[in-house]
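Down below is the structure, laid out as structure tokens.
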2 protein chains.
Amino acid sequence: MMLKRYFLLTFLLLTAFFSEAQKATWIWYPGDYEIWLSNQMQNRRTDRGSFFPVFWKVDAHFVLMDFHKDFVLSQPEQVAIFTEGNYNVKIDGQLIEGQPSSILVPAGKHRINIKVFSQATVPAIFVEGKTIVSDASWLVTFEDKEWIDETGKTSDISATKWLQAGAWNFNDPKKLPSQFKLPTTAMQPIGSQIKGNEWVLDFGKETFGFVKLQGLSGKGKLIIYYGESKEEALSNQGAVTLDVLQLNGLSKKDSVMPLSKAFRYVRIVKDATVQLAGVSMLHEYADLQERGGFTCSDPQINKIYEVAKYTLHLNSREFFIDGIKRDRWVWSGDAYQSYLMNYYLYFDNPTVSRTILALRGKDPVTGHVNTIMDYTFYWFLSIYDYYQYSGDKTFINQFYPRMQSLMEYCLGRRNKDGFMEGLPGDWVFVDWADKLSKKGALSFEQLLFCRSLETMAICAKLVNDNAAASKYQKEAEQLKAKLMSTYWNTSKQAMVHSLIDGAQSDNVTRYTNMFAIFFDYFNQDQKAAVKNSVLLNDKIQKITTPYMRFYELEALCAMGEQNFVTKEIKDYWGGMLNLGATSFWEEYNPNKKGAEHYAMYGRAFGKSLCHAWGASPIYLLGKYYLGVKPTNPGYATYTIEPALGGLEWIQGKVPTPNGEVGLYCNKIEIKLSTANAGNGTLIIKSKTLPICTEASIVAKANQTYEIQVGPGKQYCVSYTAL
Amino acid sequence: MMLKRYFLLTFLLLTAFFSEAQKATWIWYPGDYEIWLSNQMQNRRTDRGSFFPVFWKVDAHFVLMDFHKDFVLSQPEQVAIFTEGNYNVKIDGQLIEGQPSSILVPAGKHRINIKVFSQATVPAIFVEGKTIVSDASWLVTFEDKEWIDETGKTSDISATKWLQAGAWNFNDPKKLPSQFKLPTTAMQPIGSQIKGNEWVLDFGKETFGFVKLQGLSGKGKLIIYYGESKEEALSNQGAVTLDVLQLNGLSKKDSVMPLSKAFRYVRIVKDATVQLAGVSMLHEYADLQERGGFTCSDPQINKIYEVAKYTLHLNSREFFIDGIKRDRWVWSGDAYQSYLMNYYLYFDNPTVSRTILALRGKDPVTGHVNTIMDYTFYWFLSIYDYYQYSGDKTFINQFYPRMQSLMEYCLGRRNKDGFMEGLPGDWVFVDWADKLSKKGALSFEQLLFCRSLETMAICAKLVNDNAAASKYQKEAEQLKAKLMSTYWNTSKQAMVHSLIDGAQSDNVTRYTNMFAIFFDYFNQDQKAAVKNSVLLNDKIQKITTPYMRFYELEALCAMGEQNFVTKEIKDYWGGMLNLGATSFWEEYNPNKKGAEHYAMYGRAFGKSLCHAWGASPIYLLGKYYLGVKPTNPGYATYTIEPALGGLEWIQGKVPTPNGEVGLYCNKIEIKLSTANAGNGTLIIKSKTLPICTEASIVAKANQTYEIQVGPGKQYCVSYTAL
């Protein structure tokens with residue numbers, strides 16, 4: 001263990017030595033700013049005007065931090081220092097008097113240490129000289145263990161555990177990380193109805209931001225009721241969010257509400273003694289670039305794709321949140337889907353890694369992520385996906401210890417059969433569904449647990465923790481064997497929902513069966529059987545959340561059922577659009593009518609009408625229609641396997657770490673432009689031998705052909721769609 | 001485990017139900033305010049004007065906290081609510097709109113929940129109604145795990161882990177806990193020398209506080225050099241603390257330095273363009289009541305006792321710190337001695353428990369307490385002592401989990417022989433001493449480790465964790481047997497210092513041998529042997545710190561060598577007084593001369609001249625001369641075993657949880673007044689049968705007699721001292 005640390009340290013030091021001078025940026029202990037920022041964000045939730053915080057453990061940053069890096073200078077250099085927090089500076093271990101805003105570093109090899117204390121905000125530094133700059137190559141520790149003995153000798157700190165610093169894109173020394181805010185843009189309502197002291201404003205579509213009361217004056221009360229639906233805004237008792245203002249003889253001014261809210265409609269009710277000149281809003285948004293895209297021959301699908309993008313964008317904020325009206329929290333299962341959608345739209349790694357870090361928090365682990373057992377498992381899965389798409393191995397290196405401690409928590413909570421069963425305080429969620437049993441050990445949880453163990457084995461190998469890799473691999477194999485043998489019911493031709501006191505329950509649900517397909521845990525016979533016994537079987541309880549429809553349709557896509565999925569997307573997401581949705585919902589049950597759709601959690605307007613998990617067509621269309629996905633981390637290799645899914649043509653782009661993959665496909669022609677790096681394999685199903693002048697074609701079984709495609713190139717293929 | 005939690009919860013709820021209405025006070029998560037406050041305090045250290053923080057992990061409070069209590073009201077009650085942080089209030093699970101400053105609680109049984117978020121300061125509440133008040137009977141949790149399902153049903157929170165709230169004595173709703181400051185009182189210098197722009201001021205004795213520059217005006221530089229000695233204040237390069245002021249044409253005003261400092265002397269050097277009318281200070285102190293006391297026939301001992309009290313008082317602040325000039329930190333080994341002295345002077349439990357909590361911080365454990373292996377062990381020992389003196393079982397209940405996790409850390413770091421040996425990053429301290437070997441497994445560390453395991457066994461039993469109690473007991477017994485057999489050297493008639501690669505080193509030091517005496521690990525033969533082979537053997541390296549002289553003299557006292565100890569106290573502490581000390585030092589080597597005494601850590605004035613561990617005569621005189629100590633927790637039973645130690649007479653008081661034990665003793669008479677509770681045993685050595693009219697006397701072996709004494713009584717005994 002010590003040996004490994006030593007090697008790691010050496011490696012990091014060498015990295016530090018030889019990395020080129022880069023742009024200065026604010027840096028901190030990795031994960032700490034993310035946790036701090038998520039605390040700020042999650043504590044903005046209100047419910048009927050009351051503060052509404054989370055119910056799980058909320059962590060804090062390390063309040064004392066040591067930053068250092070070694071530099072070799074050919075000439076002396078003046079270096080400016082900015083910090084958040086009380087600090088000191090050392091050059092080669094020598095403390096500089098006071099808190100210098102600038103230091104002169106002599107020529108030669110020197111170590112600069114900056115130690116910062118900050119209780120309220122995250123200790124952070126910004127250092128800028130000609131060649132000496134603060135960036136992620138600096139090393140940090142929360143315990144330098146550098147003591148001095150009675151003779152003045154300094155302790156040996158070679159065992160001190162250093163991590164590479166965390167950073168984002170805060171490149172301005174004058175803007176402290178704690179001052180970060182998302183940008184806003186002014187928006188006007190598209191319609192308003194004013195009746196005496198009641199104003200109803202329509203912003204035209206679901207939006208998010210700060211209501212601005214213009215020319216506010218007078219004395220008295222003013223209430224703002226927010227509504228995702230008009231019905232909600234009109235409901236005094238039902239509106240989930242509201243603002244109550246007590247004005248004390250204010251003279252005319254514009255007043256911006258302190259908290260951003262989700263709404264399409266705003267209703268203002270005021271005392272006659274309060275004057276108001278107008279209402280607008282500041283739309284708050286994350287400045288993310290759309291790098292992916294999709295269009296096709298079906299206008300309804302195109303509209304669905306546009307609304308899905310808008311839904312995801314509204315829910316992509318400092319972090320990927322669940323929904324903008326109500327929780328505004330970071331939920332692991334919800335975020336997991338946003339990550340996947342992100343890989344096909346923004347490919348914004350920082351939002352992914354920030355969200356993963358915010359969810360994990362810190363040790364010790366005292367509960368499941370968001371208190372939900374399945375959400376813990378999605379957290380593991382998200383790391384594997386992140387690595388696969390981004391190739392960001394540094395992230396795995398940095399946070400592997402947090403993966404380990406969370407997995408140890410899980411391993412310590414297995415029942416006597418080795419299965420994960422809900423213990424008191426554990427929320428076993430799976431999905432919002434009528435009368436879904438959570439009793440006993442659910443097959444769905446074991447499936448996710450098994451995949452999590454596989455993820456741990458992979459990550460352990462990545463960080464060269466071979467003993468742990470073997471351990472996790474063995475645990476995963478044992479669990480998988482036990483899971484598949486214990487829960488499979490031959491007469492039902494399906495995995496059953498649960499084991500209660502060791503015996504199979506009679507219940508079959510879609511969840512385990514559909515995941516087992518795209519996890520590739522079923523053999524071919526099982527897959528084929530389950531398609532009919534479960535997926536296409538109307539007797540099995542239907543899914544009413546876009547959340548689980550995500551996986552249901554993914555399973556069908558993975559089995560090549562895109563034609564069926566196209567119809568389902570049009571029915572389900574098209575169904576919401578037909579009801580006037582301007583963003584996609586938390587739950588949609590086509591059997592409900594009118595304002596019934598807005599109810600949930602026992603509240604008339606409890607449902608979120610803009611929920612990230614509603615945006616899954618982005619992912620399905622990108623991964624299973626354009627058909628682009630990495631087969632090695634960071635798109636070092638990838639496949640392009642277009643599927644029309646019954647459409648006349650599809651066209652779009654899929655982002656990778658190095659440029660986009662562009663594709664046009666109709667029934668006779670495929671045009672491909674590859675990413676700037678990585679080697680692709682274009683996989684085509686064709687009735688005829690495809691023709692491509694730019695590359696050679698390899699025929700495979702079952703009317704399948706493969707073409708190896710290189711980086712930064714264009715290909716045109718003639719073929720005949722099946 | 002769950003069963004136990006359930007019982008604990010029931011117990012706590014019952015306590016909450018039936019406890020009487022008390023005074024309202026600010027409450028928080030137990031330990032969190034203590035950690036926050038210690039962060040504030042420890043980060044006040046500066047060195048030559050630079051910020052100088054600790055080098056170990058610094059923890060933070062839980063930023064989100066749920067407080068609750070159930071009340072039964074005979075009539076409705078209006079309750080005022082104050083918080084530090086953003087909050088919400090629930091009555092019977094129903095969220096009250098907004099952040100109410102007052103709520104009306106209806107008659108009947110109701111649960112009040114208040115949930116508070118605060119990043120910069122500790123979430124805290126103050127609640128005050130006629131009968132509903134916030135106090136330590138409220139329950140708190142950092143994860144209520146109270147979620148709501150899709151139907152609006154709330155989760156079962158019976159498994160939520162609640163602790164009783166923490167509190168101190170913050171009984172004013174308008175004074176937020178984060179605003180707490182120690183009181184100050186104005187002090188004038190007793191002498192000053194002004195030469196041009198250089199002022200030297202003498203405050204007459206070591207003191208601590210904020211220098212106040214009176215009538216400051218002008219433009220230019222002013223430097224304050226602080227000195228515990230005059231030499232230090234006069235040394236531009238040597239003064240350990242200083243303040244540098246840059247004045248920009250200030251008009252006449254008084255300026256108080258932002259940070260308190262330790263000094264007797266202050267030297268001010270200013271530009272001629274800066275005017276100064278006078279210098280005084282605000283002495284900052286902890287408002288602690290002296291409940292113990294000691295006087296005797298020897299004026300030098302009396303003077304030593306007075307200076308010891310002053311030394312301890314200066315170092316008793318928000319926490320027991322090591323020394324006031326330099327570290328101003330909470331160090332476990334140092335604090336351990338302050339606790340013991342405190343039991344014989346202030347008996348201030350809050351300062352003890354605050355210090356213990358600040359030292360422990362939070363999980364996960366990533367290093368030894370203060371990074372020092374022995375300091376981890378003193379932390380365990382301090383808890384046993386605290387319980388023994390105070391009887392505060394609630395404290396053990398609250399913090400047993402933190403004891404467990406720290407012990408698990410230790411158990412996980414043993415070498416192949418089961419001994420604790422310094423691993424990289426561990427500081428093995430023992431004492432400041434020339435060329436003290438830290439190589440291999442030190443017998444001293446095993447001894448403390450063994451005692452720590454014994455403490456864990458006791459505390460586990462106290463909280464009814466019987467499985468753990470057996471485990472720790474077994475570990476302690478095995479370690480003790482191995483320790484005593486492996487390190488005892490028959491030819492040396494002593495425990496050797498260390499094992500290196502499994503073999504005894506040739507070295508014998510005092511540490512292990514003297515601790516083994518008062519830990520009662522030696523048999524009678526070993527004790528007698530070690531007295532001559534080690535304790536009274538001048539060939540064994542002498543101790544030069546009051547820190548280890550504490551234990552050396554304690555060992556001698558425990559063997560009845562008070563006569564010898566009296567001489568040692570007069571020599572050693574009297575030696576410092578003869579050199580002009582006004583408080584006792586970090587180290588004192590009588591062989592040094594003049595300003596040599598001030599040097600340490602390779603710095604001319606590195607030594608602290610006011611170090612808590614210098615005050616040990618308070619403890620020795622109280623415990624081994626007045627001879628009072630608890631034999632059951634909280635002085636339920638105790639012994640009084642006076643020893644004149646060669647003095648003509650001694651007189652004093654020892655505080656207990658219920659009043660003081662008062663004693664006068666000369667060679668023929670003992671006068672005793674007992675505490676208001678608890679049963680004492682007066683143990684007397686007498687040449688003649690003692691006479692006492694108030695109680696019966698039982699003769700024991702070896703001219704020893706015992707008298708059972710009841711609470712709140714006075715006894716007079718005639719006897720003949722040996």
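Identifiers in this document derive from the order of the structure tokens: chains are assigned A, B, ..., residues are numbered from 1 separately in each chain, and ligands are numbered from 1 in order of occurrence.
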
Q: Could you list, as a ChimeraX atom specification, the residues of chain A having an atom within 6 Å of chain B when counting only C-alpha atoms?
A: /A:49-51,55-57,88,97-98,119-120,142-146,150-152,159,364,424-425,601-602

Q: Tell me which protein, DNA and RNA residues are within 8 Å of range 444-451 of chain A, counting only C-alpha atoms, leaving out same-chain ones fewer than 5 positions away, and put them as a VMD selection string.
A: chain A and resid 373 to 374 377 to 378 381 419 to 420 430 476 to 477 479 to 480 483 497 511 to 512 515 to 516 519

Would you mind exporting the chosen residues as a JSON list (two decimals), in the first residue's frame, restricted to C-alpha atoms?
[["chain", "number", "residue", "atom", "x", "y", "z"],
["A", 373, "MET", "CA", -30.63, 1.70, -2.67],
["A", 374, "ASP", "CA", -31.05, 1.66, -6.47],
["A", 377, "PHE", "CA", -26.10, 1.49, -7.77],
["A", 378, "TYR", "CA", -26.83, 4.01, -10.53],
["A", 381, "LEU", "CA", -22.97, 2.71, -13.21],
["A", 419, "PHE", "CA", -28.69, -10.24, -1.51],
["A", 420, "MET", "CA", -29.38, -6.55, -0.90],
["A", 430, "VAL", "CA", -37.35, 1.19, -8.51],
["A", 476, "ALA", "CA", -19.88, -9.98, -9.12],
["A", 477, "GLU", "CA", -19.61, -13.43, -10.66],
["A", 479, "LEU", "CA", -23.87, -12.69, -7.35],
["A", 480, "LYS", "CA", -24.69, -12.92, -11.05],
["A", 483, "LEU", "CA", -29.25, -13.93, -9.24],
["A", 497, "HIS", "CA", -39.85, -9.44, -9.02],
["A", 511, "TYR", "CA", -37.76, -3.73, -14.63],
["A", 512, "THR", "CA", -35.38, -6.63, -14.08],
["A", 515, "PHE", "CA", -32.33, -4.33, -17.71],
["A", 516, "ALA", "CA", -31.10, -7.90, -18.03],
["A", 519, "PHE", "CA", -26.86, -5.63, -19.44]]

Q | Long-range neighbours of range 212-222 of chain B as an NGL selection string, 9 Å cut-off, only C-alpha atoms, 5 positions minimum in chain | A | :B and (243-257 or 268-282)

Next, write the just-selected residues to a file, as an mmCIF file, in the first residue's frame, keeping N, CA and C atoms as the atom set.
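The resulting out_13.cif:
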data_model
loop_
_atom_site.group_PDB
_atom_site.id
_atom_site.type_symbol
_atom_site.label_atom_id
_atom_site.label_comp_id
_atom_site.auth_asym_id
_atom_site.auth_seq_id
_atom_site.Cartn_x
_atom_site.Cartn_y
_atom_site.Cartn_z
ATOM 1 N N ASP B 243 2.932 42.340 15.049
ATOM 2 C CA ASP B 243 1.892 42.935 14.215
ATOM 3 C C ASP B 243 2.519 44.066 13.426
ATOM 4 N N VAL B 244 2.205 44.135 12.167
ATOM 5 C CA VAL B 244 2.707 45.211 11.320
ATOM 6 C C VAL B 244 1.512 46.044 10.850
ATOM 7 N N LEU B 245 1.532 47.323 11.174
ATOM 8 C CA LEU B 245 0.433 48.212 10.764
ATOM 9 C C LEU B 245 0.946 49.227 9.755
ATOM 10 N N GLN B 246 0.177 49.432 8.715
ATOM 11 C CA GLN B 246 0.459 50.489 7.738
ATOM 12 C C GLN B 246 -0.654 51.525 7.881
ATOM 13 N N LEU B 247 -0.312 52.692 8.369
ATOM 14 C CA LEU B 247 -1.351 53.700 8.609
ATOM 15 C C LEU B 247 -1.366 54.712 7.462
ATOM 16 N N ASN B 248 -2.579 55.042 7.054
ATOM 17 C CA ASN B 248 -2.734 55.944 5.900
ATOM 18 C C ASN B 248 -3.369 57.256 6.325
ATOM 19 N N GLY B 249 -2.671 58.011 7.173
ATOM 20 C CA GLY B 249 -3.167 59.337 7.536
ATOM 21 C C GLY B 249 -4.405 59.285 8.402
ATOM 22 N N LEU B 250 -4.362 58.346 9.318
ATOM 23 C CA LEU B 250 -5.437 58.131 10.277
ATOM 24 C C LEU B 250 -5.563 59.352 11.196
ATOM 25 N N SER B 251 -6.817 59.727 11.516
ATOM 26 C CA SER B 251 -6.958 60.745 12.557
ATOM 27 C C SER B 251 -7.015 60.037 13.906
ATOM 28 N N LYS B 252 -6.788 60.766 14.932
ATOM 29 C CA LYS B 252 -6.597 60.205 16.273
ATOM 30 C C LYS B 252 -7.684 59.197 16.684
ATOM 31 N N LYS B 253 -7.295 57.997 16.964
ATOM 32 C CA LYS B 253 -8.282 57.042 17.503
ATOM 33 C C LYS B 253 -7.569 55.903 18.217
ATOM 34 N N ASP B 254 -8.352 55.156 18.980
ATOM 35 C CA ASP B 254 -7.801 53.988 19.651
ATOM 36 C C ASP B 254 -7.942 52.785 18.718
ATOM 37 N N SER B 255 -6.904 51.986 18.693
ATOM 38 C CA SER B 255 -6.922 50.843 17.788
ATOM 39 C C SER B 255 -6.581 49.573 18.562
ATOM 40 N N VAL B 256 -7.511 48.618 18.539
ATOM 41 C CA VAL B 256 -7.283 47.342 19.229
ATOM 42 C C VAL B 256 -6.861 46.310 18.187
ATOM 43 N N MET B 257 -5.775 45.605 18.459
ATOM 44 C CA MET B 257 -5.275 44.610 17.514
ATOM 45 C C MET B 257 -6.337 43.517 17.300
ATOM 46 N N ILE B 268 7.187 48.605 20.666
ATOM 47 C CA ILE B 268 6.577 49.246 19.498
ATOM 48 C C ILE B 268 7.640 50.081 18.794
ATOM 49 N N VAL B 269 7.763 49.845 17.504
ATOM 50 C CA VAL B 269 8.700 50.619 16.685
ATOM 51 C C VAL B 269 7.887 51.269 15.589
ATOM 52 N N LYS B 270 7.960 52.599 15.539
ATOM 53 C CA LYS B 270 7.084 53.291 14.587
ATOM 54 C C LYS B 270 7.853 54.344 13.813
ATOM 55 N N ASP B 271 7.310 54.686 12.660
ATOM 56 C CA ASP B 271 7.847 55.814 11.909
ATOM 57 C C ASP B 271 7.571 57.097 12.687
ATOM 58 N N ALA B 272 8.410 58.074 12.484
ATOM 59 C CA ALA B 272 8.237 59.351 13.187
ATOM 60 C C ALA B 272 6.920 60.028 12.787
ATOM 61 N N THR B 273 6.426 59.641 11.616
ATOM 62 C CA THR B 273 5.178 60.232 11.110
ATOM 63 C C THR B 273 3.929 59.618 11.741
ATOM 64 N N VAL B 274 4.162 58.655 12.612
ATOM 65 C CA VAL B 274 3.033 58.026 13.305
ATOM 66 C C VAL B 274 3.032 58.505 14.753
ATOM 67 N N GLN B 275 1.869 58.972 15.233
ATOM 68 C CA GLN B 275 1.773 59.432 16.623
ATOM 69 C C GLN B 275 0.995 58.416 17.456
ATOM 70 N N LEU B 276 1.456 58.282 18.686
ATOM 71 C CA LEU B 276 0.860 57.321 19.599
ATOM 72 C C LEU B 276 0.781 57.980 20.971
ATOM 73 N N ALA B 277 -0.409 57.878 21.619
ATOM 74 C CA ALA B 277 -0.568 58.545 22.921
ATOM 75 C C ALA B 277 -0.329 57.588 24.085
ATOM 76 N N GLY B 278 -0.598 56.319 23.876
ATOM 77 C CA GLY B 278 -0.430 55.377 24.974
ATOM 78 C C GLY B 278 -0.703 53.957 24.527
ATOM 79 N N VAL B 279 -0.314 53.015 25.368
ATOM 80 C CA VAL B 279 -0.507 51.593 25.050
ATOM 81 C C VAL B 279 -1.096 50.900 26.270
ATOM 82 N N SER B 280 -2.138 50.150 26.063
ATOM 83 C CA SER B 280 -2.664 49.307 27.138
ATOM 84 C C SER B 280 -3.084 47.990 26.501
ATOM 85 N N MET B 281 -3.840 47.192 27.201
ATOM 86 C CA MET B 281 -4.273 45.933 26.596
ATOM 87 C C MET B 281 -5.631 45.521 27.135
ATOM 88 N N LEU B 282 -6.280 44.661 26.389
ATOM 89 C CA LEU B 282 -7.508 44.025 26.867
ATOM 90 C C LEU B 282 -7.154 42.574 27.170
#

Q: Excluding Ser338 in chain B and any residue of its chain fewer than 4 positions from it, enumerate the residues within 9 Å of it, using only C-alpha atoms, and give them as a ChimeraX atom specification.
A: /B:312,315-316,320-322,334,342-343,352,612-613,615-616,619

**Q.** DSSP-assigned strand (DSSP E) members of range 341-535 of chain A, reported as a PyMOL selection string
**A.** chain A and resi 441-442+488-489+494-495+498-500+503-504

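The space separating CA of Ser101 in chain B from CA of Gln42 in chain A comes to 23.3 Å.
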
Q.
With DSSP run on the backbone, what are the helix (DSSP H, G or I) residues within range 383-436 of chain A? I'd like them as a PyMOL selection string.
A. chain A and resi 383-390+393-411

Q) Which value, in Å to one decimal, gives the distance between CA of Ser137 in chain B and CA of Thr637 in chain B? A) 27.8 Å

Q: Report the distance between CA of Tyr487 in chain B and CA of Lys527 in chain B in Å, rounded to one decimal place.
A: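 Answer for the CA of Tyr487 in chain B to CA of Lys527 in chain B separation: 15.0 Å.
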
Q: Name the residues in contact with Glu318 in chain A at a cut-off of 9 Å, using only C-alpha atoms, excluding same-chain residues fewer than 5 positions from it; report them as a list in words.
A: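 Listing them by chain and then by number gives Leu37, Ser38, Met41, Lys181, Leu182, Ala286, Thr351, Arg354 and Thr355 of chain A.
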
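If you count only C-alpha atoms and ignore residues fewer than 6 places along the chain from Ile683 in chain B, what sits within 7 Å of it is Ile640, Glu641, Thr704, Tyr705, Glu706 and Ile707 of chain B.
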
Hey, can you spit out that residue selection with all heavy atoms as a short mmCIF file (atom, residue, chain, number, x, y, z; two decimals), in the first residue's frame?
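Okay, part22.cif is ready:
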data_model
loop_
_atom_site.label_atom_id
_atom_site.label_comp_id
_atom_site.auth_asym_id
_atom_site.auth_seq_id
_atom_site.Cartn_x
_atom_site.Cartn_y
_atom_site.Cartn_z
N ILE B 640 -10.08 9.97 50.77
CA ILE B 640 -9.29 11.12 51.21
C ILE B 640 -8.11 10.51 51.95
O ILE B 640 -8.29 9.86 52.98
CB ILE B 640 -10.07 12.04 52.17
CG1 ILE B 640 -11.48 12.33 51.63
CG2 ILE B 640 -9.30 13.34 52.43
CD1 ILE B 640 -12.58 11.56 52.32
N GLU B 641 -6.96 10.69 51.37
CA GLU B 641 -5.78 10.03 51.94
C GLU B 641 -4.67 11.07 52.05
O GLU B 641 -3.77 11.13 51.22
CB GLU B 641 -5.36 8.87 51.01
CG GLU B 641 -4.37 7.93 51.60
CD GLU B 641 -4.14 6.68 50.74
OE1 GLU B 641 -4.79 6.56 49.68
OE2 GLU B 641 -3.30 5.85 51.13
N THR B 704 -2.36 1.71 59.22
CA THR B 704 -3.34 2.43 58.42
C THR B 704 -4.72 2.30 59.06
O THR B 704 -5.06 1.23 59.59
CB THR B 704 -3.36 1.85 56.99
OG1 THR B 704 -2.04 1.94 56.46
CG2 THR B 704 -4.35 2.61 56.10
N TYR B 705 -5.48 3.39 59.02
CA TYR B 705 -6.82 3.41 59.60
C TYR B 705 -7.79 4.00 58.61
O TYR B 705 -7.43 4.90 57.83
CB TYR B 705 -6.83 4.23 60.90
CG TYR B 705 -5.84 3.67 61.93
CD1 TYR B 705 -4.51 4.10 61.95
CD2 TYR B 705 -6.25 2.69 62.84
CE1 TYR B 705 -3.61 3.59 62.83
CE2 TYR B 705 -5.33 2.16 63.75
CZ TYR B 705 -4.02 2.61 63.75
OH TYR B 705 -3.13 2.09 64.63
N GLU B 706 -9.02 3.50 58.65
CA GLU B 706 -10.02 4.04 57.73
C GLU B 706 -11.24 4.54 58.48
O GLU B 706 -11.69 3.92 59.45
CB GLU B 706 -10.46 2.97 56.72
CG GLU B 706 -9.38 2.67 55.69
CD GLU B 706 -9.87 1.75 54.58
OE1 GLU B 706 -11.07 1.41 54.59
OE2 GLU B 706 -9.04 1.40 53.73
N ILE B 707 -11.76 5.64 57.99
CA ILE B 707 -12.97 6.21 58.57
C ILE B 707 -13.96 6.46 57.43
O ILE B 707 -13.62 7.12 56.44
CB ILE B 707 -12.67 7.55 59.28
CG1 ILE B 707 -11.60 7.34 60.36
CG2 ILE B 707 -13.94 8.15 59.87
CD1 ILE B 707 -11.15 8.62 61.04
#

Q.
Give me the residues near Ile691 in chain A as an MDAnalysis selection string, where near means some atom within 7 Å (using only C-alpha atoms) and where sequence neighbours in that chain fewer than 3 positions away do not count.
A. chainID A and resid 717:719

Please produce an output containing N, CA, C and O atoms for each residue in the selection, written as a PDB file, in the first residue's frame.
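Okay, this is what ended up in out_21.pdb:
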ATOM      1  N   VAL A 717     -21.895   5.723 -48.424  1.00  0.00           N
ATOM      2  CA  VAL A 717     -22.142   4.300 -48.657  1.00  0.00           C
ATOM      3  C   VAL A 717     -23.507   4.144 -49.325  1.00  0.00           C
ATOM      4  O   VAL A 717     -24.502   4.708 -48.857  1.00  0.00           O
ATOM      5  N   SER A 718     -23.506   3.363 -50.381  1.00  0.00           N
ATOM      6  CA  SER A 718     -24.794   2.986 -50.977  1.00  0.00           C
ATOM      7  C   SER A 718     -25.161   1.614 -50.461  1.00  0.00           C
ATOM      8  O   SER A 718     -24.295   0.726 -50.358  1.00  0.00           O
ATOM      9  N   TYR A 719     -26.411   1.429 -50.130  1.00  0.00           N
ATOM     10  CA  TYR A 719     -26.835   0.129 -49.594  1.00  0.00           C
ATOM     11  C   TYR A 719     -28.332  -0.008 -49.789  1.00  0.00           C
ATOM     12  O   TYR A 719     -28.993   0.891 -50.341  1.00  0.00           O
TER      13      TYR A 719
END
